Every structure is written in structure tokens, then in C-alpha cells.
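Novice: This one is my_file31.cif, mmCIF, C-alpha atoms, pLDDT in the B column; chains and numbers go by the auth columns.
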```cif
data_target
loop_
_atom_site.group_PDB
_atom_site.id
_atom_site.type_symbol
_atom_site.label_atom_id
_atom_site.label_comp_id
_atom_site.label_asym_id
_atom_site.label_seq_id
_atom_site.Cartn_x
_atom_site.Cartn_y
_atom_site.Cartn_z
_atom_site.B_iso_or_equiv
_atom_site.auth_seq_id
_atom_site.auth_asym_id
ATOM 1 C CA MET A 1 30.540 7.011 -4.360 48.00 17 N
ATOM 2 C CA ASN A 2 27.009 8.242 -3.606 62.00 18 N
ATOM 3 C CA PRO A 3 24.125 6.094 -4.897 70.00 19 N
ATOM 4 C CA CYS A 4 22.036 7.449 -7.746 93.00 20 N
ATOM 5 C CA VAL A 5 18.684 8.841 -6.612 96.00 21 N
ATOM 6 C CA VAL A 6 15.419 7.810 -8.258 98.00 22 N
ATOM 7 C CA ALA A 7 12.295 9.727 -7.281 98.00 23 N
ATOM 8 C CA CYS A 8 9.347 7.408 -6.759 98.00 24 N
ATOM 9 C CA THR A 9 5.883 8.934 -6.832 98.00 25 N
ATOM 10 C CA ARG A 10 4.381 6.459 -4.379 97.00 26 N
ATOM 11 C CA LYS A 11 5.643 4.560 -1.345 97.00 27 N
ATOM 12 C CA LEU A 12 7.487 1.334 -2.110 96.00 28 N
ATOM 13 C CA SER A 13 7.694 -1.871 -0.147 95.00 29 N
ATOM 14 C CA PRO A 14 10.733 -2.017 2.187 96.00 30 N
ATOM 15 C CA ALA A 15 11.986 -5.093 0.307 96.00 31 N
ATOM 16 C CA HIS A 16 12.074 -3.265 -3.037 95.00 32 N
ATOM 17 C CA LYS A 17 13.754 -0.210 -1.498 96.00 33 N
ATOM 18 C CA GLN A 18 16.446 -2.455 -0.033 96.00 34 N
ATOM 19 C CA GLN A 19 16.838 -4.335 -3.313 96.00 35 N
ATOM 20 C CA ALA A 20 17.522 -1.038 -5.071 95.00 36 N
ATOM 21 C CA LEU A 21 19.892 0.172 -2.362 94.00 37 N
ATOM 22 C CA ASP A 22 21.882 -3.057 -2.636 94.00 38 N
ATOM 23 C CA ALA A 23 22.353 -2.137 -6.307 93.00 39 N
ATOM 24 C CA GLY A 24 23.509 1.388 -5.436 93.00 40 N
ATOM 25 C CA ILE A 25 20.155 3.068 -6.119 96.00 41 N
ATOM 26 C CA HIS A 26 18.398 5.199 -3.517 96.00 42 N
ATOM 27 C CA MET A 27 14.615 5.182 -4.078 97.00 43 N
ATOM 28 C CA LEU A 28 13.301 8.476 -2.724 97.00 44 N
ATOM 29 C CA ASP A 29 9.647 7.479 -2.384 97.00 45 N
ATOM 30 C CA ARG A 30 6.775 9.812 -1.547 98.00 46 N
ATOM 31 C CA ASN A 31 3.021 9.404 -1.945 98.00 47 N
ATOM 32 C CA LEU A 32 2.097 12.200 -4.337 98.00 48 N
ATOM 33 C CA LEU A 33 -1.554 11.185 -4.166 96.00 49 N
ATOM 34 C CA SER A 34 -3.895 10.363 -1.308 96.00 50 N
ATOM 35 C CA TYR A 35 -7.253 8.666 -1.696 96.00 51 N
ATOM 36 C CA THR A 36 -10.697 8.876 -0.123 96.00 52 N
ATOM 37 C CA TYR A 37 -13.497 6.425 -0.895 97.00 53 N
ATOM 38 C CA ALA A 38 -17.119 7.376 -1.503 95.00 54 N
ATOM 39 C CA ASP A 39 -19.469 6.287 1.282 93.00 55 N
ATOM 40 C CA ALA A 40 -22.612 8.321 0.592 93.00 56 N
ATOM 41 C CA PRO A 41 -25.967 6.484 0.478 95.00 57 N
ATOM 42 C CA GLU A 42 -26.782 8.038 -2.919 95.00 58 N
ATOM 43 C CA THR A 43 -23.650 6.444 -4.423 95.00 59 N
ATOM 44 C CA ALA A 44 -24.736 3.077 -3.046 95.00 60 N
ATOM 45 C CA VAL A 45 -28.208 3.556 -4.554 95.00 61 N
ATOM 46 C CA THR A 46 -26.596 4.250 -7.936 95.00 62 N
ATOM 47 C CA LEU A 47 -24.513 1.076 -7.743 95.00 63 N
ATOM 48 C CA GLY A 48 -27.585 -0.954 -6.909 94.00 64 N
ATOM 49 C CA THR A 49 -29.380 0.133 -10.078 95.00 65 N
ATOM 50 C CA ILE A 50 -26.570 -0.576 -12.554 96.00 66 N
ATOM 51 C CA SER A 51 -26.709 -3.711 -14.702 95.00 67 N
ATOM 52 C CA ALA A 52 -23.763 -2.918 -17.010 96.00 68 N
ATOM 53 C CA THR A 53 -20.408 -4.702 -17.031 97.00 69 N
ATOM 54 C CA ALA A 54 -17.862 -2.881 -14.875 97.00 70 N
ATOM 55 C CA VAL A 55 -14.508 -1.453 -15.951 96.00 71 N
ATOM 56 C CA PHE A 56 -11.844 -1.058 -13.272 96.00 72 N
ATOM 57 C CA THR A 57 -8.687 0.848 -14.217 92.00 73 N
ATOM 58 C CA SER A 58 -7.459 1.225 -10.623 92.00 74 N
ATOM 59 C CA VAL A 59 -7.272 -1.004 -7.583 94.00 75 N
ATOM 60 C CA HIS A 60 -8.719 1.908 -5.573 95.00 76 N
ATOM 61 C CA ALA A 61 -11.936 1.687 -7.591 96.00 77 N
ATOM 62 C CA ILE A 62 -12.288 -1.975 -6.650 96.00 78 N
ATOM 63 C CA MET A 63 -11.647 -1.221 -2.982 96.00 79 N
ATOM 64 C CA ALA A 64 -14.130 1.660 -3.001 97.00 80 N
ATOM 65 C CA VAL A 65 -16.862 -0.443 -4.602 96.00 81 N
ATOM 66 C CA GLN A 66 -16.187 -3.306 -2.208 95.00 82 N
ATOM 67 C CA GLN A 67 -16.463 -0.897 0.736 95.00 83 N
ATOM 68 C CA LEU A 68 -19.834 0.345 -0.529 96.00 84 N
ATOM 69 C CA ILE A 69 -21.079 -3.237 -1.044 94.00 85 N
ATOM 70 C CA SER A 70 -20.093 -4.137 2.501 94.00 86 N
ATOM 71 C CA LYS A 71 -21.375 -0.980 4.198 95.00 87 N
ATOM 72 C CA PHE A 72 -24.795 -0.956 2.501 95.00 88 N
ATOM 73 C CA ALA A 73 -25.207 -4.723 2.007 95.00 89 N
ATOM 74 C CA LEU A 74 -25.521 -4.240 -1.748 93.00 90 N
ATOM 75 C CA GLN A 75 -26.386 -6.940 -4.237 92.00 91 N
ATOM 76 C CA LEU A 76 -25.031 -5.827 -7.613 95.00 92 N
ATOM 77 C CA LYS A 77 -27.088 -6.804 -10.656 95.00 93 N
ATOM 78 C CA ASN A 78 -23.954 -7.580 -12.662 96.00 94 N
ATOM 79 C CA LYS A 79 -20.589 -8.680 -11.271 96.00 95 N
ATOM 80 C CA THR A 80 -18.689 -9.146 -14.518 97.00 96 N
ATOM 81 C CA CYS A 81 -15.812 -6.783 -15.251 97.00 97 N
ATOM 82 C CA PHE A 82 -12.835 -5.835 -17.349 97.00 98 N
ATOM 83 C CA CYS A 83 -9.823 -4.578 -15.416 96.00 99 N
ATOM 84 C CA ILE A 84 -6.141 -3.769 -15.371 92.00 100 N
ATOM 85 C CA GLN A 85 -3.981 -6.826 -14.806 91.00 101 N
ATOM 86 C CA GLY A 86 -2.036 -7.500 -11.632 89.00 102 N
ATOM 87 C CA HIS A 87 -3.162 -6.153 -8.267 90.00 103 N
ATOM 88 C CA THR A 88 -6.400 -4.696 -9.674 93.00 104 N
ATOM 89 C CA ALA A 89 -7.445 -8.012 -11.215 95.00 105 N
ATOM 90 C CA THR A 90 -6.571 -9.880 -8.017 94.00 106 N
ATOM 91 C CA LYS A 91 -8.705 -7.528 -5.927 95.00 107 N
ATOM 92 C CA ALA A 92 -11.588 -7.837 -8.402 96.00 108 N
ATOM 93 C CA LEU A 93 -11.581 -11.615 -8.010 96.00 109 N
ATOM 94 C CA GLU A 94 -11.388 -11.286 -4.227 94.00 110 N
ATOM 95 C CA ALA A 95 -14.409 -8.970 -4.357 93.00 111 N
ATOM 96 C CA GLY A 96 -16.409 -11.655 -6.161 94.00 112 N
ATOM 97 C CA PHE A 97 -16.284 -10.246 -9.696 96.00 113 N
ATOM 98 C CA GLU A 98 -16.009 -12.443 -12.762 97.00 114 N
ATOM 99 C CA VAL A 99 -13.061 -11.008 -14.688 97.00 115 N
ATOM 100 C CA LEU A 100 -13.823 -11.228 -18.413 97.00 116 N
ATOM 101 C CA ASP A 101 -10.380 -10.009 -19.479 96.00 117 N
ATOM 102 C CA THR A 102 -7.395 -7.954 -18.353 96.00 118 N
ATOM 103 C CA ALA A 103 -4.689 -5.795 -19.935 92.00 119 N
ATOM 104 C CA PRO A 104 -1.647 -3.839 -18.719 88.00 120 N
ATOM 105 C CA ASP A 105 -3.202 -0.393 -19.396 85.00 121 N
ATOM 106 C CA SER A 106 -6.496 1.243 -20.335 85.00 122 N
ATOM 107 C CA HIS A 107 -5.709 1.484 -24.060 84.00 123 N
ATOM 108 C CA SER A 108 -4.873 -2.216 -24.283 88.00 124 N
ATOM 109 C CA LEU A 109 -7.957 -2.984 -22.207 91.00 125 N
ATOM 110 C CA LEU A 110 -10.027 -1.059 -24.742 91.00 126 N
ATOM 111 C CA GLU A 111 -8.971 -3.514 -27.462 92.00 127 N
ATOM 112 C CA LYS A 112 -10.083 -6.446 -25.303 94.00 128 N
ATOM 113 C CA ILE A 113 -13.437 -4.789 -24.606 94.00 129 N
ATOM 114 C CA LEU A 114 -14.073 -4.183 -28.308 93.00 130 N
ATOM 115 C CA LEU A 115 -13.591 -7.901 -28.996 93.00 131 N
ATOM 116 C CA PHE A 116 -16.293 -8.748 -26.443 93.00 132 N
ATOM 117 C CA LYS A 117 -18.668 -6.054 -27.747 90.00 133 N
ATOM 118 C CA PRO A 118 -20.595 -5.617 -24.474 90.00 134 N
ATOM 119 C CA ILE A 119 -24.003 -3.921 -24.594 92.00 135 N
ATOM 120 C CA SER A 120 -23.049 -1.316 -21.990 92.00 136 N
ATOM 121 C CA LEU A 121 -20.312 -0.523 -19.476 95.00 137 N
ATOM 122 C CA VAL A 122 -19.870 1.325 -16.213 96.00 138 N
ATOM 123 C CA HIS A 123 -16.470 2.797 -15.384 95.00 139 N
ATOM 124 C CA TYR A 124 -15.920 3.033 -11.638 96.00 140 N
ATOM 125 C CA SER A 125 -13.350 5.785 -11.352 93.00 141 N
ATOM 126 C CA SER A 126 -12.059 8.858 -9.549 92.00 142 N
ATOM 127 C CA ASN A 127 -12.450 12.604 -9.870 89.00 143 N
ATOM 128 C CA ILE A 128 -9.146 12.738 -11.825 79.00 144 N
ATOM 129 C CA ARG A 129 -9.057 10.413 -14.810 79.00 145 N
ATOM 130 C CA LEU A 130 -8.260 10.048 -18.507 72.00 146 N
ATOM 131 C CA ASP A 131 -11.377 9.499 -20.620 77.00 147 N
ATOM 132 C CA GLU A 132 -9.991 9.489 -24.177 78.00 148 N
ATOM 133 C CA TRP A 133 -10.479 5.727 -24.549 81.00 149 N
ATOM 134 C CA LYS A 134 -14.230 6.158 -24.029 82.00 150 N
ATOM 135 C CA GLU A 135 -14.512 8.128 -27.272 85.00 151 N
ATOM 136 C CA THR A 136 -13.527 4.984 -29.173 89.00 152 N
ATOM 137 C CA LEU A 137 -16.193 2.982 -27.344 89.00 153 N
ATOM 138 C CA ALA A 138 -18.777 5.623 -28.233 86.00 154 N
ATOM 139 C CA SER A 139 -17.777 5.341 -31.903 90.00 155 N
ATOM 140 C CA HIS A 140 -18.583 1.610 -31.647 91.00 156 N
ATOM 141 C CA GLN A 141 -21.981 2.360 -30.063 91.00 157 N
ATOM 142 C CA ILE A 142 -20.929 1.011 -26.652 91.00 158 N
ATOM 143 C CA PRO A 143 -22.232 3.407 -23.982 90.00 159 N
ATOM 144 C CA VAL A 144 -20.124 3.962 -20.862 92.00 160 N
ATOM 145 C CA GLN A 145 -21.534 5.356 -17.642 93.00 161 N
ATOM 146 C CA THR A 146 -18.995 6.927 -15.258 93.00 162 N
ATOM 147 C CA VAL A 147 -19.484 6.606 -11.507 96.00 163 N
ATOM 148 C CA GLU A 148 -17.009 8.332 -9.194 96.00 164 N
ATOM 149 C CA VAL A 149 -16.336 6.041 -6.257 96.00 165 N
ATOM 150 C CA TYR A 150 -13.095 7.562 -4.993 96.00 166 N
ATOM 151 C CA HIS A 151 -11.214 10.860 -4.997 95.00 167 N
ATOM 152 C CA LYS A 152 -7.560 11.543 -5.642 94.00 168 N
ATOM 153 C CA ILE A 153 -5.916 14.403 -3.777 95.00 169 N
ATOM 154 C CA LYS A 154 -2.570 15.663 -5.033 95.00 170 N
ATOM 155 C CA GLN A 155 0.223 15.936 -2.487 96.00 171 N
ATOM 156 C CA PRO A 156 3.093 17.610 -4.385 96.00 172 N
ATOM 157 C CA TYR A 157 6.643 17.193 -3.116 97.00 173 N
ATOM 158 C CA ALA A 158 9.897 18.824 -4.284 98.00 174 N
ATOM 159 C CA PHE A 159 12.368 15.953 -4.741 97.00 175 N
ATOM 160 C CA GLY A 160 15.490 17.999 -5.434 94.00 176 N
ATOM 161 C CA PRO A 161 18.362 16.587 -7.555 94.00 177 N
ATOM 162 C CA ILE A 162 17.458 13.169 -8.979 96.00 178 N
ATOM 163 C CA ASN A 163 18.766 10.712 -11.557 96.00 179 N
ATOM 164 C CA GLY A 164 15.414 9.218 -12.585 97.00 180 N
ATOM 165 C CA VAL A 165 11.677 9.093 -11.796 98.00 181 N
ATOM 166 C CA ALA A 166 9.260 6.195 -11.334 98.00 182 N
ATOM 167 C CA PHE A 167 5.600 6.815 -12.201 98.00 183 N
ATOM 168 C CA PHE A 168 2.647 4.541 -11.468 95.00 184 N
ATOM 169 C CA SER A 169 -0.218 6.622 -12.902 92.00 185 N
ATOM 170 C CA PRO A 170 -0.856 9.678 -15.107 93.00 186 N
ATOM 171 C CA SER A 171 -2.099 11.535 -12.029 93.00 187 N
ATOM 172 C CA GLN A 172 1.284 11.063 -10.392 96.00 188 N
ATOM 173 C CA VAL A 173 2.932 12.600 -13.445 97.00 189 N
ATOM 174 C CA ALA A 174 0.738 15.678 -13.021 95.00 190 N
ATOM 175 C CA ALA A 175 1.399 15.862 -9.270 96.00 191 N
ATOM 176 C CA PHE A 176 5.162 15.492 -9.808 98.00 192 N
ATOM 177 C CA CYS A 177 5.248 18.353 -12.318 97.00 193 N
ATOM 178 C CA GLU A 178 3.643 20.789 -9.878 96.00 194 N
ATOM 179 C CA LEU A 179 6.904 21.187 -7.938 97.00 195 N
ATOM 180 C CA ASN A 180 9.471 19.443 -10.146 97.00 196 N
ATOM 181 C CA THR A 181 10.813 19.677 -13.691 94.00 197 N
ATOM 182 C CA LEU A 182 11.821 16.716 -15.818 94.00 198 N
ATOM 183 C CA THR A 183 15.325 17.492 -17.046 92.00 199 N
ATOM 184 C CA SER A 184 16.011 16.399 -20.603 90.00 200 N
ATOM 185 C CA GLY A 185 17.602 12.952 -20.649 93.00 201 N
ATOM 186 C CA THR A 186 16.407 11.963 -17.164 96.00 202 N
ATOM 187 C CA PRO A 187 14.989 8.425 -17.461 97.00 203 N
ATOM 188 C CA THR A 188 11.360 7.933 -16.519 98.00 204 N
ATOM 189 C CA PHE A 189 10.170 4.468 -15.497 98.00 205 N
ATOM 190 C CA CYS A 190 6.445 3.888 -16.085 97.00 206 N
ATOM 191 C CA ILE A 191 4.126 1.107 -14.967 93.00 207 N
ATOM 192 C CA GLY A 192 2.240 1.055 -18.274 89.00 208 N
ATOM 193 C CA ALA A 193 1.568 2.659 -21.630 89.00 209 N
ATOM 194 C CA THR A 194 -1.143 4.997 -20.318 89.00 210 N
ATOM 195 C CA THR A 195 1.221 6.427 -17.705 93.00 211 N
ATOM 196 C CA ALA A 196 3.963 6.647 -20.326 94.00 212 N
ATOM 197 C CA GLY A 197 1.551 8.588 -22.525 92.00 213 N
ATOM 198 C CA ALA A 198 1.250 11.256 -19.841 93.00 214 N
ATOM 199 C CA VAL A 199 5.053 11.643 -19.898 96.00 215 N
ATOM 200 C CA GLN A 200 5.120 11.713 -23.704 95.00 216 N
ATOM 201 C CA LYS A 201 2.732 14.676 -23.644 94.00 217 N
ATOM 202 C CA LEU A 202 5.550 16.575 -21.914 95.00 218 N
ATOM 203 C CA ASN A 203 7.785 15.831 -24.928 94.00 219 N
ATOM 204 C CA HIS A 204 10.171 14.026 -22.604 95.00 220 N
ATOM 205 C CA GLN A 205 12.537 11.134 -23.281 94.00 221 N
ATOM 206 C CA PRO A 206 13.687 8.538 -22.393 96.00 222 N
ATOM 207 C CA ILE A 207 10.630 6.589 -21.244 97.00 223 N
ATOM 208 C CA LEU A 208 10.932 2.974 -20.123 97.00 224 N
ATOM 209 C CA ILE A 209 7.759 0.917 -19.679 96.00 225 N
ATOM 210 C CA ALA A 210 7.360 -2.136 -17.441 94.00 226 N
ATOM 211 C CA ASP A 211 6.157 -5.290 -19.180 89.00 227 N
ATOM 212 C CA LYS A 212 3.681 -5.997 -16.359 87.00 228 N
ATOM 213 C CA HIS A 213 1.429 -3.758 -14.275 86.00 229 N
ATOM 214 C CA SER A 214 3.225 -4.250 -10.966 89.00 230 N
ATOM 215 C CA GLU A 215 5.678 -2.577 -8.626 93.00 231 N
ATOM 216 C CA GLU A 216 8.047 -5.497 -9.100 94.00 232 N
ATOM 217 C CA ALA A 217 8.091 -4.997 -12.888 94.00 233 N
ATOM 218 C CA VAL A 218 8.861 -1.289 -12.476 96.00 234 N
ATOM 219 C CA MET A 219 11.723 -2.112 -10.121 97.00 235 N
ATOM 220 C CA GLU A 220 13.071 -4.611 -12.665 97.00 236 N
ATOM 221 C CA ILE A 221 13.379 -1.996 -15.408 97.00 237 N
ATOM 222 C CA ILE A 222 15.000 0.467 -12.980 97.00 238 N
ATOM 223 C CA LEU A 223 17.589 -2.064 -11.860 96.00 239 N
ATOM 224 C CA HIS A 224 18.244 -3.237 -15.419 96.00 240 N
ATOM 225 C CA TYR A 225 18.671 0.334 -16.681 96.00 241 N
ATOM 226 C CA TYR A 226 21.299 1.324 -14.117 94.00 242 N
ATOM 227 C CA GLN A 227 23.089 -2.039 -14.132 90.00 243 N
ATOM 228 C CA THR A 228 23.417 -1.775 -17.917 86.00 244 N
ATOM 229 C CA ARG A 229 24.812 1.758 -17.661 80.00 245 N
ATOM 230 C CA LYS A 230 27.276 0.643 -14.990 74.00 246 N
ATOM 231 C CA HIS A 231 28.616 -2.104 -17.258 64.00 247 N
ATOM 232 C CA GLU A 232 28.875 0.316 -20.183 65.00 248 N
ATOM 233 C CA SER A 233 30.882 2.899 -18.195 55.00 249 N
#
```
Let me see whether you can do it: turn the structure in this file into C-alpha cells.

Specialist:
Amino acid sequence: MNPCVVACTRKLSPAHKQQALDAGIHMLDRNLLSYTYADAPETAVTLGTISATAVFTSVHAIMAVQQLISKFALQLKNKTCFCIQGHTATKALEAGFEVLDTAPDSHSLLEKILLFKPISLVHYSSNIRLDEWKETLASHQIPVQTVEVYHKIKQPYAFGPINGVAFFSPSQVAAFCELNTLTSGTPTFCIGATTAGAVQKLNHQPILIADKHSEEAVMEIILHYYQTRKHES
């Protein structure tokens, strides 16, 4: 019997691919996005003038800012931040930021930010992003400056016949849909609520959401889903 095929919109660790294969699941993983980090002097000058608390919704934003700090020997005026939990939060701490709070997705992070009521924020982000959460901050008189520190480049790939799809960001959902169609009933496995929201906008079900913002948590819901179906059949 052939293993079921789950399209994965970014490269997985070899250990997780093998874990899935041992369970009869072939993870067809492709990087549907590539990333470039800003390294222009004018971006560094901008960072050096900002005194607001940072918001990091991607690990790539942390890495881009850290690269700018290192290259231009920057001393940031404020190194407090809010960020997505997991790998992003770990990288923020490694970069010397004081993490005020974390959450599994940007909408949950918004609730944490509102409790703190910061005077101002700076969102270090990419050229492709979701900004709806900032409207709520504006309604609470919390200004948010956006600074693009990295760029996402879509790399669409036609996966062919699949039994499920794993998404790790809304941008991956968009890149996937350029050459693929989500067939009704095909399970989608999402790293968080924001990513799931991008799938919901396609009026697609079912959507399964990991309880933590990590590759391991996504793999857990994939394995659980197919193991449960196997026992039911």
C-alpha cells in the first residue's frame, strides 16, 4: 500500500520526515518562499533612531535585525519586544532582546500587547504581511511603525495528487494556491490561528491547528490525524 502524501510548504528536518514515513506518511516538502535580508545603510540608520518596543511575528525578522546590528555595529535605543512563541522567541533572546510576552500567533499576541498598553511599537516585517491586527492597535491609540527588514519571494511548486497540506505561514498559503487547488475535504495542517485564517478565507475545511508554534507541533497533529483515521477504517 502506498503511503499517503502530505504536501509541506517548507523544508522539514530529516528526523521529522523519517518519523512521518515510519507512520506511512510521505512528506513532500518544498520551500515555497525564499528570503533576503535588508542590508542597506539607510535601513540601519532607521533602526538606530527607533525607541519603540519591537514586535516580531517571524524568526526571519529577528535574524534580519540581528544581521543589521552586527554589520553596522548598531546600539538600539530599546531592546524590549513582543514576539511569536517558539523559535522566534528563542532567537529574540539570543539577539539580546527582553521578551515582554509571547503568543502562538499575531492575533493572540495582539491581546497580550493591549494588556501592556505600550506607548508605541515598531513592527519589523517583510514586504508580504498581514496588517489587520494593527487596526485594533490604532483604535486603542497605540501607534505602530512598520520597518521592512526582509523580503519574501514566492517560489510556487505544483505538488500533484496529495492527501493533505501543511502550512507554516499565510504567505505559504498564497504561494501554494498559485499552482495548486485545495480539494474539498483535504485536511490542512496549520502552525497557528493566523495561518489557519488564510485557509479559512478560501472557504476550505477541514483545518487543524497546532497547539504550539513549532514544526514538531505541526507534525504531531499530522501524525495524530492519520493514525486516528487508520484506526477508524

Novice: Take every atom of stretch 196-206 of chain N listed in the file, pad by 4 Å on each side, and give me the axis-aligned box centre and edge lengths in Å, one decimal, as JSON.

Specialist:
```
{"center_x": 12.0, "center_y": 11.8, "center_z": -15.4, "size_x": 19.2, "size_y": 23.8, "size_z": 18.5}
```

Novice: Could you check which of N:Met235, N:Gln216, N:Phe175, N:Arg145 is closest to N:Asp45, using only C-alpha atoms?

Specialist: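 Of the candidates, the smallest distance to N:Asp45 is held by N:Phe175.
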
Novice: Go ahead and compute the interatomic distance for atom CA of N:Thr210 and atom CA of N:Asp121, in Å to one decimal.

Specialist: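 For atom CA of N:Thr210 relative to atom CA of N:Asp121, the distance reads 5.8 Å.
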
Novice: Report as a tab-separated table: every residue of stretch 132-163 of chain N with an atom at most 10 Å from stretch 55-76 of chain N, its closest pair of atoms, and their distance in Å to one decimal, counting all atoms listed in the file, with rows sorted by chain and ascending residue number.

Specialist:
```
residue	atom	partner	partner_atom	distance
N:Pro134	CA	N:Thr69	CA	7.5
N:Ile135	CA	N:Ala68	CA	7.7
N:Ser136	CA	N:Ala68	CA	5.3
N:Leu137	CA	N:Thr69	CA	4.8
N:Val138	CA	N:Ala70	CA	4.8
N:His139	CA	N:Val71	CA	4.7
N:Tyr140	CA	N:Phe72	CA	6.0
N:Ser141	CA	N:Phe72	CA	7.3
N:Ser142	CA	N:His76	CA	8.7
N:Arg145	CA	N:Thr73	CA	9.6
N:Pro159	CA	N:Ala68	CA	9.5
N:Val160	CA	N:Ala68	CA	8.7
N:Gln161	CA	N:Ala68	CA	8.6
N:Thr162	CA	N:Val71	CA	9.5
N:Val163	CA	N:Thr59	CA	8.2
```

Novice: List as a ChimeraX atom specification: which residues have an atom within 10 Å of (22.8, -1.0, -5.8), counting only C-alpha atoms?

Specialist: /N:19-20,34-42,239,242-243

Novice: Determine, counting only C-alpha atoms, which protein, DNA and RNA residues have an atom within 7 Å of an atom of N:Tyr166; residues of the same chain fewer than 4 positions away are not included. Present the result as a list in words.

Specialist: Tyr51, Thr52, Tyr53, Ala54, Ala77, Ala80, Ser141 and Ser142 of chain N

Novice: Once you count only C-alpha atoms, which residues end up no further than 12 Å from (13.2, 13.9, -22.0) in the file's frame, shown as a VMD selection string?

Specialist: chain N and resid 180 to 181 197 to 205 212 215 to 224

Novice: Could you work out how far atom CA of N:Lys246 lies from atom CA of N:Asn179, giving the answer in Å with one decimal?

Specialist: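 Atom CA of N:Asn179 sits 13.6 Å away from atom CA of N:Lys246.
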
Novice: Given all atoms listed in the file as the basis, pick out the residue of N:Val189, N:Cys99, N:Ala214, N:Ala154 nearest to N:Lys170.

Specialist: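 That would be N:Val189, the residue with the smallest distance to N:Lys170.
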
Novice: So how far away is atom CA of N:Thr25 from atom CA of N:Ala182, in Å?

Specialist: 6.3 Å

Novice: Tell me which protein, DNA and RNA residues are within 10 Å of N:Gly176, counting only C-alpha atoms, leaving out same-chain ones fewer than 3 positions away, and put them as a list in words.

Specialist: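 My list of contacting residues is Val21, Ala23, Tyr173, Leu195, Asn196 and Thr197 of chain N.
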
Novice: For N:Phe192, which residue out of N:Leu44, N:Leu125, N:Cys24, N:Val115 is the nearest one, using only C-alpha atoms?

Specialist: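 Between N:Leu44, N:Leu125, N:Cys24, N:Val115, the residue approaching N:Phe192 most closely is N:Cys24.
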
Novice: Pick the closest to N:Ala190 from N:Leu28, N:Ile144, N:Glu236, N:Glu231: which is it, counting only C-alpha atoms?

Specialist: N:Ile144

Novice: Which is closest to N:Gln157 among N:Cys206, N:Ser50, N:Leu130, N:Asn143, if we use all atoms listed in the file?

Specialist: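 Closest candidate: N:Leu130.
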
Novice: Which residue out of N:Ala31, N:Ala111, N:Met79, N:Leu49 has the minimum interatomic distance to N:Phe184 when all atoms listed in the file are used?

Specialist: N:Leu49

Novice: Would you fill the gaps in stretch 100-118 of chain N so it has N, CA and C atoms, then print it as a PDB file, in the frame of the given file?

Specialist:
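Saved the output as selection_20.pdb:
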```pdb
ATOM      1  N   ILE N 100      -7.594  -3.772 -15.200  1.00 92.00           N
ATOM      2  CA  ILE N 100      -6.141  -3.769 -15.371  1.00 92.00           C
ATOM      3  C   ILE N 100      -5.563  -5.009 -14.700  1.00 92.00           C
ATOM      4  N   GLN N 101      -4.580  -5.602 -15.339  1.00 91.00           N
ATOM      5  CA  GLN N 101      -3.981  -6.826 -14.806  1.00 91.00           C
ATOM      6  C   GLN N 101      -3.204  -6.562 -13.522  1.00 91.00           C
ATOM      7  N   GLY N 102      -2.830  -7.632 -12.847  1.00 89.00           N
ATOM      8  CA  GLY N 102      -2.036  -7.500 -11.632  1.00 89.00           C
ATOM      9  C   GLY N 102      -2.898  -7.320 -10.394  1.00 89.00           C
ATOM     10  N   HIS N 103      -2.516  -6.361  -9.561  1.00 90.00           N
ATOM     11  CA  HIS N 103      -3.162  -6.153  -8.267  1.00 90.00           C
ATOM     12  C   HIS N 103      -4.647  -5.842  -8.425  1.00 90.00           C
ATOM     13  N   THR N 104      -4.998  -5.056  -9.450  1.00 93.00           N
ATOM     14  CA  THR N 104      -6.400  -4.696  -9.674  1.00 93.00           C
ATOM     15  C   THR N 104      -7.231  -5.934  -9.985  1.00 93.00           C
ATOM     16  N   ALA N 105      -6.728  -6.787 -10.863  1.00 95.00           N
ATOM     17  CA  ALA N 105      -7.445  -8.012 -11.215  1.00 95.00           C
ATOM     18  C   ALA N 105      -7.579  -8.939 -10.005  1.00 95.00           C
ATOM     19  N   THR N 106      -6.521  -9.033  -9.221  1.00 94.00           N
ATOM     20  CA  THR N 106      -6.571  -9.880  -8.017  1.00 94.00           C
ATOM     21  C   THR N 106      -7.646  -9.401  -7.054  1.00 94.00           C
ATOM     22  N   LYS N 107      -7.703  -8.092  -6.822  1.00 95.00           N
ATOM     23  CA  LYS N 107      -8.705  -7.528  -5.927  1.00 95.00           C
ATOM     24  C   LYS N 107     -10.120  -7.716  -6.471  1.00 95.00           C
ATOM     25  N   ALA N 108     -10.263  -7.636  -7.788  1.00 96.00           N
ATOM     26  CA  ALA N 108     -11.588  -7.837  -8.402  1.00 96.00           C
ATOM     27  C   ALA N 108     -12.089  -9.256  -8.128  1.00 96.00           C
ATOM     28  N   LEU N 109     -11.215 -10.225  -8.283  1.00 96.00           N
ATOM     29  CA  LEU N 109     -11.581 -11.615  -8.010  1.00 96.00           C
ATOM     30  C   LEU N 109     -11.921 -11.806  -6.535  1.00 96.00           C
ATOM     31  N   GLU N 110     -11.129 -11.186  -5.659  1.00 94.00           N
ATOM     32  CA  GLU N 110     -11.388 -11.286  -4.227  1.00 94.00           C
ATOM     33  C   GLU N 110     -12.729 -10.665  -3.850  1.00 94.00           C
ATOM     34  N   ALA N 111     -13.138  -9.646  -4.623  1.00 93.00           N
ATOM     35  CA  ALA N 111     -14.409  -8.970  -4.357  1.00 93.00           C
ATOM     36  C   ALA N 111     -15.595  -9.713  -4.969  1.00 93.00           C
ATOM     37  N   GLY N 112     -15.332 -10.841  -5.624  1.00 94.00           N
ATOM     38  CA  GLY N 112     -16.409 -11.655  -6.161  1.00 94.00           C
ATOM     39  C   GLY N 112     -16.807 -11.338  -7.585  1.00 94.00           C
ATOM     40  N   PHE N 113     -15.989 -10.558  -8.298  1.00 96.00           N
ATOM     41  CA  PHE N 113     -16.284 -10.246  -9.696  1.00 96.00           C
ATOM     42  C   PHE N 113     -15.769 -11.354 -10.618  1.00 96.00           C
ATOM     43  N   GLU N 114     -16.484 -11.564 -11.692  1.00 97.00           N
ATOM     44  CA  GLU N 114     -16.009 -12.443 -12.762  1.00 97.00           C
ATOM     45  C   GLU N 114     -15.221 -11.576 -13.739  1.00 97.00           C
ATOM     46  N   VAL N 115     -13.929 -11.810 -13.830  1.00 97.00           N
ATOM     47  CA  VAL N 115     -13.061 -11.008 -14.688  1.00 97.00           C
ATOM     48  C   VAL N 115     -13.113 -11.562 -16.109  1.00 97.00           C
ATOM     49  N   LEU N 116     -13.687 -10.789 -17.022  1.00 97.00           N
ATOM     50  CA  LEU N 116     -13.823 -11.228 -18.413  1.00 97.00           C
ATOM     51  C   LEU N 116     -12.503 -11.164 -19.164  1.00 97.00           C
ATOM     52  N   ASP N 117     -11.694 -10.124 -18.851  1.00 96.00           N
ATOM     53  CA  ASP N 117     -10.380 -10.009 -19.479  1.00 96.00           C
ATOM     54  C   ASP N 117      -9.593  -8.907 -18.786  1.00 96.00           C
ATOM     55  N   THR N 118      -8.280  -8.947 -18.953  1.00 96.00           N
ATOM     56  CA  THR N 118      -7.395  -7.954 -18.353  1.00 96.00           C
ATOM     57  C   THR N 118      -6.400  -7.458 -19.396  1.00 96.00           C
TER      58      THR N 118
END
```
